[in-house]
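Asker: Attaching a single structure in structure tokens format; questions to follow.
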Amino acid sequence: MVFFAIGLTTAVCIIGVRSKKPDTKPDVRFVAQFMCECKAREVWDYSRANLAQFSKDGLVLDSLSVGSDVVARWVPPGYTALLEGGADLWSKTRKDDKLAFIGKLKSRPDGVLNSLHQTPFWKGRVHEEGNVWNIQNLGRFVSEYPMQLILHKNQMCCPSDNVLETFRLAQLLPNKACVISAAVHPLDADGWGGIVHFFGNMSEAEAVVSGLRKDVRACQRRSYALYKARFDSSKILAESGFLDMWNGGAH
């Protein structure tokens, strides 16, 4: 889990909390500890599911004893043109029959790996890449592998308790990726219809991929346009209410 705490002096404490089970709900004890250390007046989180664990109606729960009226806001990373790497929908290196995964697949559940390595549909279909470190390379990478796969470290379904990987999406979607993701908590899935294509298990994933492969470019264009419209960074910040507070001099 990652959240941002706005301290009493309006300095920003950027805090990363890694639980024993990444991609699942946070341990509120650690959240409360860091809020207290930061003397937080505000807490921002990228996940609505996370926020539901330690806040209600925009305020941190009194039971955490972090102070009165500590504001909690949903502020995920969103679209910015600064992350566009010039992805080419007509690249000569394009591989519509493959999917790519950024990271190390060995960190994903054994059952998922068995499906990827043994099931005829998946065998040899997923390219693993751990060396995309700048925006231009990211654009070239998505140009070659327009279909991108997201799998969780502690993947569970159904229902899913995993949080939506918005930091990964903030890199892929500005570069016009067609994204297929393992299921996430319903609170986090809300609003992402038509942008991210969710599946509960690898059999469902096969059906999702087969449908999208009929017109991958259409998936890319639609996902990109919807992402810009719904999750523009300026829009997220404005809708969080933070700008109203700031402009009102409450800081």
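How things are named: the first chain in the structure tokens is A, the next is B, and so on; residues count from 1 in each chain; ligands count from 1 in the order shown.
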Tell me, as a ChimeraX atom specification, which residues lie within 12 Å of stretch 102-104 of chain A, counting only C-alpha atoms; anything in the same chain fewer than 3 positions away does not count.

Answerer: /A:99,107-109,113,126-133,138,141-142,145,147-153,168-169,171-172,179

Asker: So that I can check the surroundings of stretch 77-79 of chain A, please list as a PyMOL selection string every protein, DNA and RNA residue that reaches within 12 Å of it, counting only C-alpha atoms and ignoring chain neighbours fewer than 5 positions away.

Answerer: chain A and resi 2-4+44-47+84+164-176+223-237

Asker: I need the residues from that last selection saved to file as an mmCIF file, in the first residue's frame (with N, CA and C atoms), if you can.

Answerer:
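Output (out_37.cif):
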data_model
loop_
_atom_site.group_PDB
_atom_site.id
_atom_site.type_symbol
_atom_site.label_atom_id
_atom_site.label_comp_id
_atom_site.auth_asym_id
_atom_site.auth_seq_id
_atom_site.Cartn_x
_atom_site.Cartn_y
_atom_site.Cartn_z
ATOM 1 N N VAL A 2 0.439 2.287 -0.676
ATOM 2 C CA VAL A 2 1.143 3.565 -0.684
ATOM 3 C C VAL A 2 0.133 4.657 -0.386
ATOM 4 N N PHE A 3 0.477 5.556 0.513
ATOM 5 C CA PHE A 3 -0.371 6.721 0.679
ATOM 6 C C PHE A 3 0.476 7.941 0.948
ATOM 7 N N PHE A 4 -0.151 9.099 0.796
ATOM 8 C CA PHE A 4 0.510 10.372 1.004
ATOM 9 C C PHE A 4 -0.148 11.054 2.196
ATOM 10 N N TRP A 44 -3.886 10.606 1.526
ATOM 11 C CA TRP A 44 -4.324 10.291 0.167
ATOM 12 C C TRP A 44 -3.969 8.842 -0.145
ATOM 13 N N ASP A 45 -4.893 8.138 -0.758
ATOM 14 C CA ASP A 45 -4.623 6.759 -1.144
ATOM 15 C C ASP A 45 -5.073 6.536 -2.587
ATOM 16 N N TYR A 46 -4.378 5.645 -3.291
ATOM 17 C CA TYR A 46 -4.711 5.375 -4.690
ATOM 18 C C TYR A 46 -5.833 4.358 -4.829
ATOM 19 N N SER A 47 -6.257 3.746 -3.729
ATOM 20 C CA SER A 47 -7.230 2.661 -3.787
ATOM 21 C C SER A 47 -8.453 2.971 -2.926
ATOM 22 N N GLU A 84 3.310 9.891 -22.060
ATOM 23 C CA GLU A 84 3.117 9.349 -23.404
ATOM 24 C C GLU A 84 4.473 9.166 -24.075
ATOM 25 N N LEU A 164 -6.641 -2.363 -7.298
ATOM 26 C CA LEU A 164 -6.329 -2.063 -8.693
ATOM 27 C C LEU A 164 -4.944 -1.424 -8.785
ATOM 28 N N GLU A 165 -4.139 -1.899 -9.723
ATOM 29 C CA GLU A 165 -2.761 -1.429 -9.845
ATOM 30 C C GLU A 165 -2.714 -0.162 -10.703
ATOM 31 N N THR A 166 -3.174 0.936 -10.095
ATOM 32 C CA THR A 166 -3.297 2.182 -10.848
ATOM 33 C C THR A 166 -1.950 2.782 -11.240
ATOM 34 N N PHE A 167 -0.887 2.479 -10.495
ATOM 35 C CA PHE A 167 0.430 2.984 -10.886
ATOM 36 C C PHE A 167 0.889 2.322 -12.183
ATOM 37 N N ARG A 168 0.630 1.039 -12.316
ATOM 38 C CA ARG A 168 0.962 0.333 -13.558
ATOM 39 C C ARG A 168 0.091 0.852 -14.710
ATOM 40 N N LEU A 169 -1.194 1.069 -14.430
ATOM 41 C CA LEU A 169 -2.102 1.569 -15.461
ATOM 42 C C LEU A 169 -1.709 2.966 -15.917
ATOM 43 N N ALA A 170 -1.200 3.774 -15.000
ATOM 44 C CA ALA A 170 -0.801 5.142 -15.349
ATOM 45 C C ALA A 170 0.372 5.158 -16.315
ATOM 46 N N GLN A 171 1.101 4.071 -16.407
ATOM 47 C CA GLN A 171 2.178 3.956 -17.388
ATOM 48 C C GLN A 171 1.668 3.378 -18.707
ATOM 49 N N LEU A 172 0.801 2.393 -18.619
ATOM 50 C CA LEU A 172 0.367 1.675 -19.814
ATOM 51 C C LEU A 172 -0.689 2.420 -20.627
ATOM 52 N N LEU A 173 -1.697 2.956 -19.960
ATOM 53 C CA LEU A 173 -2.827 3.522 -20.681
ATOM 54 C C LEU A 173 -2.499 4.797 -21.454
ATOM 55 N N PRO A 174 -1.620 5.698 -20.954
ATOM 56 C CA PRO A 174 -1.237 6.839 -21.796
ATOM 57 C C PRO A 174 -0.490 6.414 -23.052
ATOM 58 N N ASN A 175 -0.009 5.175 -23.069
ATOM 59 C CA ASN A 175 0.681 4.653 -24.247
ATOM 60 C C ASN A 175 -0.198 3.715 -25.060
ATOM 61 N N LYS A 176 -1.505 3.853 -24.843
ATOM 62 C CA LYS A 176 -2.519 3.195 -25.667
ATOM 63 C C LYS A 176 -2.473 1.667 -25.581
ATOM 64 N N SER A 223 -9.759 2.468 -24.901
ATOM 65 C CA SER A 223 -9.198 2.540 -23.549
ATOM 66 C C SER A 223 -8.488 3.871 -23.314
ATOM 67 N N TYR A 224 -7.712 4.294 -24.299
ATOM 68 C CA TYR A 224 -6.976 5.557 -24.195
ATOM 69 C C TYR A 224 -7.930 6.744 -24.042
ATOM 70 N N ALA A 225 -8.956 6.783 -24.890
ATOM 71 C CA ALA A 225 -9.897 7.907 -24.852
ATOM 72 C C ALA A 225 -10.670 7.951 -23.534
ATOM 73 N N LEU A 226 -11.132 6.810 -23.069
ATOM 74 C CA LEU A 226 -11.890 6.766 -21.821
ATOM 75 C C LEU A 226 -11.008 7.096 -20.622
ATOM 76 N N TYR A 227 -9.777 6.621 -20.655
ATOM 77 C CA TYR A 227 -8.860 6.907 -19.548
ATOM 78 C C TYR A 227 -8.604 8.415 -19.434
ATOM 79 N N LYS A 228 -8.357 9.056 -20.563
ATOM 80 C CA LYS A 228 -8.127 10.505 -20.558
ATOM 81 C C LYS A 228 -9.359 11.246 -20.034
ATOM 82 N N ALA A 229 -10.532 10.795 -20.429
ATOM 83 C CA ALA A 229 -11.765 11.482 -20.051
ATOM 84 C C ALA A 229 -12.107 11.294 -18.577
ATOM 85 N N ARG A 230 -11.916 10.081 -18.076
ATOM 86 C CA ARG A 230 -12.352 9.781 -16.702
ATOM 87 C C ARG A 230 -11.278 10.031 -15.658
ATOM 88 N N PHE A 231 -10.014 9.843 -16.033
ATOM 89 C CA PHE A 231 -8.958 9.841 -15.020
ATOM 90 C C PHE A 231 -7.821 10.815 -15.336
ATOM 91 N N ASP A 232 -8.161 11.941 -15.922
ATOM 92 C CA ASP A 232 -7.165 12.994 -16.093
ATOM 93 C C ASP A 232 -6.677 13.435 -14.713
ATOM 94 N N SER A 233 -5.370 13.626 -14.563
ATOM 95 C CA SER A 233 -4.804 13.937 -13.246
ATOM 96 C C SER A 233 -5.396 15.206 -12.641
ATOM 97 N N SER A 234 -5.596 16.222 -13.462
ATOM 98 C CA SER A 234 -6.174 17.470 -12.961
ATOM 99 C C SER A 234 -7.601 17.252 -12.471
ATOM 100 N N LYS A 235 -8.341 16.429 -13.189
ATOM 101 C CA LYS A 235 -9.723 16.135 -12.808
ATOM 102 C C LYS A 235 -9.759 15.371 -11.483
ATOM 103 N N ILE A 236 -8.864 14.406 -11.314
ATOM 104 C CA ILE A 236 -8.808 13.637 -10.075
ATOM 105 C C ILE A 236 -8.545 14.546 -8.889
ATOM 106 N N LEU A 237 -7.576 15.440 -9.043
ATOM 107 C CA LEU A 237 -7.226 16.339 -7.947
ATOM 108 C C LEU A 237 -8.379 17.279 -7.628
#

Asker: List the spatial neighbours of A:Ser55 as a PDB file with N, CA and C atoms, in the first residue's frame - criterion: any atom at most 10 Å away, only C-alpha atoms, same-chain residues fewer than 2 positions off excluded.

Answerer:
ATOM      1  N   VAL A  43      -4.762  12.289   4.412  1.00  0.00           N
ATOM      2  CA  VAL A  43      -4.182  11.061   3.881  1.00  0.00           C
ATOM      3  C   VAL A  43      -4.767  10.823   2.497  1.00  0.00           C
ATOM      4  N   ARG A  48      -9.630   2.899  -3.531  1.00  0.00           N
ATOM      5  CA  ARG A  48     -10.863   3.069  -2.761  1.00  0.00           C
ATOM      6  C   ARG A  48     -11.033   1.929  -1.760  1.00  0.00           C
ATOM      7  N   ASN A  50      -8.642   0.375  -0.191  1.00  0.00           N
ATOM      8  CA  ASN A  50      -7.785   0.716   0.946  1.00  0.00           C
ATOM      9  C   ASN A  50      -8.457   1.748   1.843  1.00  0.00           C
ATOM     10  N   LEU A  51      -8.976   2.805   1.233  1.00  0.00           N
ATOM     11  CA  LEU A  51      -9.600   3.867   2.010  1.00  0.00           C
ATOM     12  C   LEU A  51     -10.737   3.352   2.883  1.00  0.00           C
ATOM     13  N   ALA A  52     -11.470   2.381   2.355  1.00  0.00           N
ATOM     14  CA  ALA A  52     -12.600   1.842   3.110  1.00  0.00           C
ATOM     15  C   ALA A  52     -12.165   1.137   4.383  1.00  0.00           C
ATOM     16  N   GLN A  53     -10.887   0.749   4.442  1.00  0.00           N
ATOM     17  CA  GLN A  53     -10.387   0.054   5.624  1.00  0.00           C
ATOM     18  C   GLN A  53     -10.115   0.999   6.785  1.00  0.00           C
ATOM     19  N   ASP A  57     -16.752   8.410   5.016  1.00  0.00           N
ATOM     20  CA  ASP A  57     -17.276   9.738   4.676  1.00  0.00           C
ATOM     21  C   ASP A  57     -16.166  10.794   4.591  1.00  0.00           C
ATOM     22  N   GLY A  58     -14.993  10.393   4.068  1.00  0.00           N
ATOM     23  CA  GLY A  58     -13.923  11.351   3.836  1.00  0.00           C
ATOM     24  C   GLY A  58     -13.074  11.682   5.039  1.00  0.00           C
ATOM     25  N   LEU A  59     -13.270  10.971   6.153  1.00  0.00           N
ATOM     26  CA  LEU A  59     -12.474  11.212   7.350  1.00  0.00           C
ATOM     27  C   LEU A  59     -11.887   9.904   7.859  1.00  0.00           C
ATOM     28  N   VAL A  60     -10.671   9.972   8.403  1.00  0.00           N
ATOM     29  CA  VAL A  60     -10.047   8.796   9.000  1.00  0.00           C
ATOM     30  C   VAL A  60     -10.841   8.392  10.242  1.00  0.00           C
ATOM     31  N   LEU A  61     -11.002   7.106  10.454  1.00  0.00           N
ATOM     32  CA  LEU A  61     -11.793   6.597  11.572  1.00  0.00           C
ATOM     33  C   LEU A  61     -11.249   7.081  12.919  1.00  0.00           C
ATOM     34  N   ASP A  62     -12.141   7.507  13.792  1.00  0.00           N
ATOM     35  CA  ASP A  62     -11.742   7.944  15.130  1.00  0.00           C
ATOM     36  C   ASP A  62     -11.060   6.826  15.906  1.00  0.00           C
ATOM     37  N   SER A  63     -11.430   5.576  15.595  1.00  0.00           N
ATOM     38  CA  SER A  63     -10.887   4.427  16.331  1.00  0.00           C
ATOM     39  C   SER A  63      -9.388   4.259  16.139  1.00  0.00           C
ATOM     40  N   LEU A  64      -8.824   4.913  15.120  1.00  0.00           N
ATOM     41  CA  LEU A  64      -7.380   4.806  14.891  1.00  0.00           C
ATOM     42  C   LEU A  64      -6.582   5.779  15.746  1.00  0.00           C
ATOM     43  N   VAL A  70      -9.093  14.136  10.532  1.00  0.00           N
ATOM     44  CA  VAL A  70      -8.054  13.870   9.535  1.00  0.00           C
ATOM     45  C   VAL A  70      -8.748  13.452   8.241  1.00  0.00           C
ATOM     46  N   VAL A  71      -8.512  14.210   7.174  1.00  0.00           N
ATOM     47  CA  VAL A  71      -9.206  14.005   5.904  1.00  0.00           C
ATOM     48  C   VAL A  71      -8.575  12.853   5.130  1.00  0.00           C
ATOM     49  N   ALA A  72      -9.421  12.045   4.494  1.00  0.00           N
ATOM     50  CA  ALA A  72      -8.944  10.955   3.631  1.00  0.00           C
ATOM     51  C   ALA A  72      -9.472  11.201   2.222  1.00  0.00           C
ATOM     52  N   ARG A  73      -8.566  11.178   1.237  1.00  0.00           N
ATOM     53  CA  ARG A  73      -8.963  11.443  -0.142  1.00  0.00           C
ATOM     54  C   ARG A  73      -8.496  10.317  -1.063  1.00  0.00           C
TER      55      ARG A  73
END

Asker: Using only C-alpha atoms, which of the listed residues (A:Val208, A:Cys158, A:Ala238, A:Val163) sits closest to A:His185?

Answerer: A:Val163

Asker: Mind checking DSSP for stretch 122-242 of chain A and telling me the helix (DSSP H, G or I) residues as a ChimeraX atom specification?

Answerer: /A:135-144,166-175,186-189,202-230,233-239,242

Asker: Could you jot down the atom CA of A:Asp190 to atom CA of A:Met156 separation for me, Å, one decimal place?

Answerer: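 About the pair atom CA of A:Asp190 and atom CA of A:Met156: they are 17.8 Å apart.
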
Asker: Which parts of stretch 3-242 of chain A does DSSP call strand (DSSP E or B) when run on the backbone here, written out as a PyMOL selection string?

Answerer: chain A and resi 3-7+12-16+40-45+55-56+59-60+71-74+79+99-102+126-129+147-150+178-182+196-199+232

Asker: Go ahead and save the residues from that selection, with N, CA and C atoms, as a compact mmCIF listing (two decimals), in the first residue's frame.

Answerer:
# COMPACT_ATOMS: atom_id res chain seq x y z
N PHE A 3 0.48 5.56 0.51
CA PHE A 3 -0.37 6.72 0.68
C PHE A 3 0.48 7.94 0.95
N PHE A 4 -0.15 9.10 0.80
CA PHE A 4 0.51 10.37 1.00
C PHE A 4 -0.15 11.05 2.20
N ALA A 5 0.66 11.55 3.13
CA ALA A 5 0.10 12.22 4.29
C ALA A 5 0.52 13.68 4.28
N ILE A 6 -0.45 14.57 4.44
CA ILE A 6 -0.18 16.00 4.47
C ILE A 6 -0.03 16.41 5.94
N GLY A 7 1.17 16.84 6.32
CA GLY A 7 1.46 17.13 7.72
C GLY A 7 0.99 18.50 8.16
N VAL A 12 4.64 17.34 2.60
CA VAL A 12 4.06 16.07 2.18
C VAL A 12 4.98 14.93 2.58
N CYS A 13 4.46 14.00 3.34
CA CYS A 13 5.20 12.79 3.68
C CYS A 13 4.76 11.70 2.71
N ILE A 14 5.68 11.17 1.94
CA ILE A 14 5.36 10.10 1.00
C ILE A 14 5.73 8.79 1.65
N ILE A 15 4.73 7.98 1.90
CA ILE A 15 4.94 6.80 2.72
C ILE A 15 4.56 5.56 1.95
N GLY A 16 5.44 4.58 1.94
CA GLY A 16 5.12 3.29 1.34
C GLY A 16 5.00 2.25 2.43
N ALA A 40 -0.34 13.81 10.48
CA ALA A 40 -1.12 14.02 9.26
C ALA A 40 -2.41 14.79 9.50
N ARG A 41 -2.69 15.71 8.61
CA ARG A 41 -3.99 16.36 8.53
C ARG A 41 -4.80 15.76 7.38
N GLU A 42 -4.08 15.16 6.44
CA GLU A 42 -4.74 14.52 5.30
C GLU A 42 -4.01 13.23 4.96
N VAL A 43 -4.76 12.29 4.41
CA VAL A 43 -4.18 11.06 3.88
C VAL A 43 -4.77 10.82 2.50
N TRP A 44 -3.89 10.61 1.53
CA TRP A 44 -4.32 10.29 0.17
C TRP A 44 -3.97 8.84 -0.15
N ASP A 45 -4.89 8.14 -0.76
CA ASP A 45 -4.62 6.76 -1.14
C ASP A 45 -5.07 6.54 -2.59
N SER A 55 -11.17 4.68 6.71
CA SER A 55 -11.87 5.96 6.68
C SER A 55 -13.34 5.75 6.37
N LYS A 56 -14.11 6.79 6.64
CA LYS A 56 -15.53 6.78 6.32
C LYS A 56 -15.97 8.21 6.08
N LEU A 59 -13.27 10.97 6.15
CA LEU A 59 -12.47 11.21 7.35
C LEU A 59 -11.89 9.90 7.86
N VAL A 60 -10.67 9.97 8.40
CA VAL A 60 -10.05 8.80 9.00
C VAL A 60 -10.84 8.39 10.24
N VAL A 71 -8.51 14.21 7.17
CA VAL A 71 -9.21 14.01 5.90
C VAL A 71 -8.57 12.85 5.13
N ALA A 72 -9.42 12.04 4.49
CA ALA A 72 -8.94 10.95 3.63
C ALA A 72 -9.47 11.20 2.22
N ARG A 73 -8.57 11.18 1.24
CA ARG A 73 -8.96 11.44 -0.14
C ARG A 73 -8.50 10.32 -1.06
N TRP A 74 -9.32 10.05 -2.07
CA TRP A 74 -8.93 9.10 -3.13
C TRP A 74 -8.22 9.90 -4.22
N TYR A 79 -4.09 10.17 -15.81
CA TYR A 79 -3.50 10.47 -17.12
C TYR A 79 -2.70 11.77 -17.09
N LEU A 99 0.76 -11.35 -25.41
CA LEU A 99 0.54 -10.41 -24.32
C LEU A 99 1.87 -10.19 -23.63
N ALA A 100 2.00 -9.03 -22.99
CA ALA A 100 3.23 -8.75 -22.25
C ALA A 100 2.90 -8.50 -20.78
N PHE A 101 3.85 -8.87 -19.94
CA PHE A 101 3.74 -8.64 -18.51
C PHE A 101 4.99 -7.91 -18.05
N ILE A 102 4.81 -6.74 -17.41
CA ILE A 102 5.96 -5.99 -16.91
C ILE A 102 6.28 -6.48 -15.51
N VAL A 126 2.76 -15.27 -23.41
CA VAL A 126 3.03 -14.11 -22.56
C VAL A 126 4.52 -13.80 -22.54
N HIS A 127 4.85 -12.58 -22.93
CA HIS A 127 6.23 -12.10 -22.90
C HIS A 127 6.48 -11.39 -21.58
N GLU A 128 7.53 -11.77 -20.90
CA GLU A 128 7.90 -11.19 -19.61
C GLU A 128 8.99 -10.14 -19.82
N GLU A 129 8.79 -8.95 -19.24
CA GLU A 129 9.74 -7.86 -19.47
C GLU A 129 9.99 -7.09 -18.16
N MET A 147 -1.13 -5.60 -26.21
CA MET A 147 -1.97 -6.23 -25.19
C MET A 147 -1.12 -6.50 -23.96
N GLN A 148 -1.52 -5.91 -22.84
CA GLN A 148 -0.76 -5.98 -21.61
C GLN A 148 -1.55 -6.71 -20.53
N LEU A 149 -0.87 -7.59 -19.83
CA LEU A 149 -1.50 -8.44 -18.82
C LEU A 149 -1.09 -8.00 -17.42
N ILE A 150 -2.07 -7.89 -16.52
CA ILE A 150 -1.80 -7.58 -15.12
C ILE A 150 -2.24 -8.76 -14.25
N CYS A 178 -3.88 -2.01 -24.53
CA CYS A 178 -5.14 -2.73 -24.30
C CYS A 178 -4.86 -3.63 -23.10
N VAL A 179 -5.49 -3.35 -21.95
CA VAL A 179 -5.10 -3.96 -20.68
C VAL A 179 -6.10 -5.01 -20.23
N ILE A 180 -5.56 -6.19 -19.90
CA ILE A 180 -6.34 -7.29 -19.34
C ILE A 180 -5.82 -7.53 -17.93
N SER A 181 -6.71 -7.50 -16.95
CA SER A 181 -6.27 -7.58 -15.55
C SER A 181 -7.04 -8.63 -14.77
N ALA A 182 -6.34 -9.29 -13.87
CA ALA A 182 -7.00 -10.15 -12.89
C ALA A 182 -7.95 -9.28 -12.07
N VAL A 196 -10.22 -1.14 -18.58
CA VAL A 196 -9.52 -2.36 -18.17
C VAL A 196 -10.49 -3.53 -18.28
N HIS A 197 -10.00 -4.64 -18.79
CA HIS A 197 -10.84 -5.81 -19.02
C HIS A 197 -10.48 -6.87 -17.98
N PHE A 198 -11.40 -7.10 -17.03
CA PHE A 198 -11.12 -7.95 -15.88
C PHE A 198 -11.53 -9.40 -16.13
N PHE A 199 -10.83 -10.29 -15.42
CA PHE A 199 -11.16 -11.73 -15.47
C PHE A 199 -10.99 -12.34 -14.09
N ASP A 232 -8.16 11.94 -15.92
CA ASP A 232 -7.16 12.99 -16.09
C ASP A 232 -6.68 13.44 -14.71
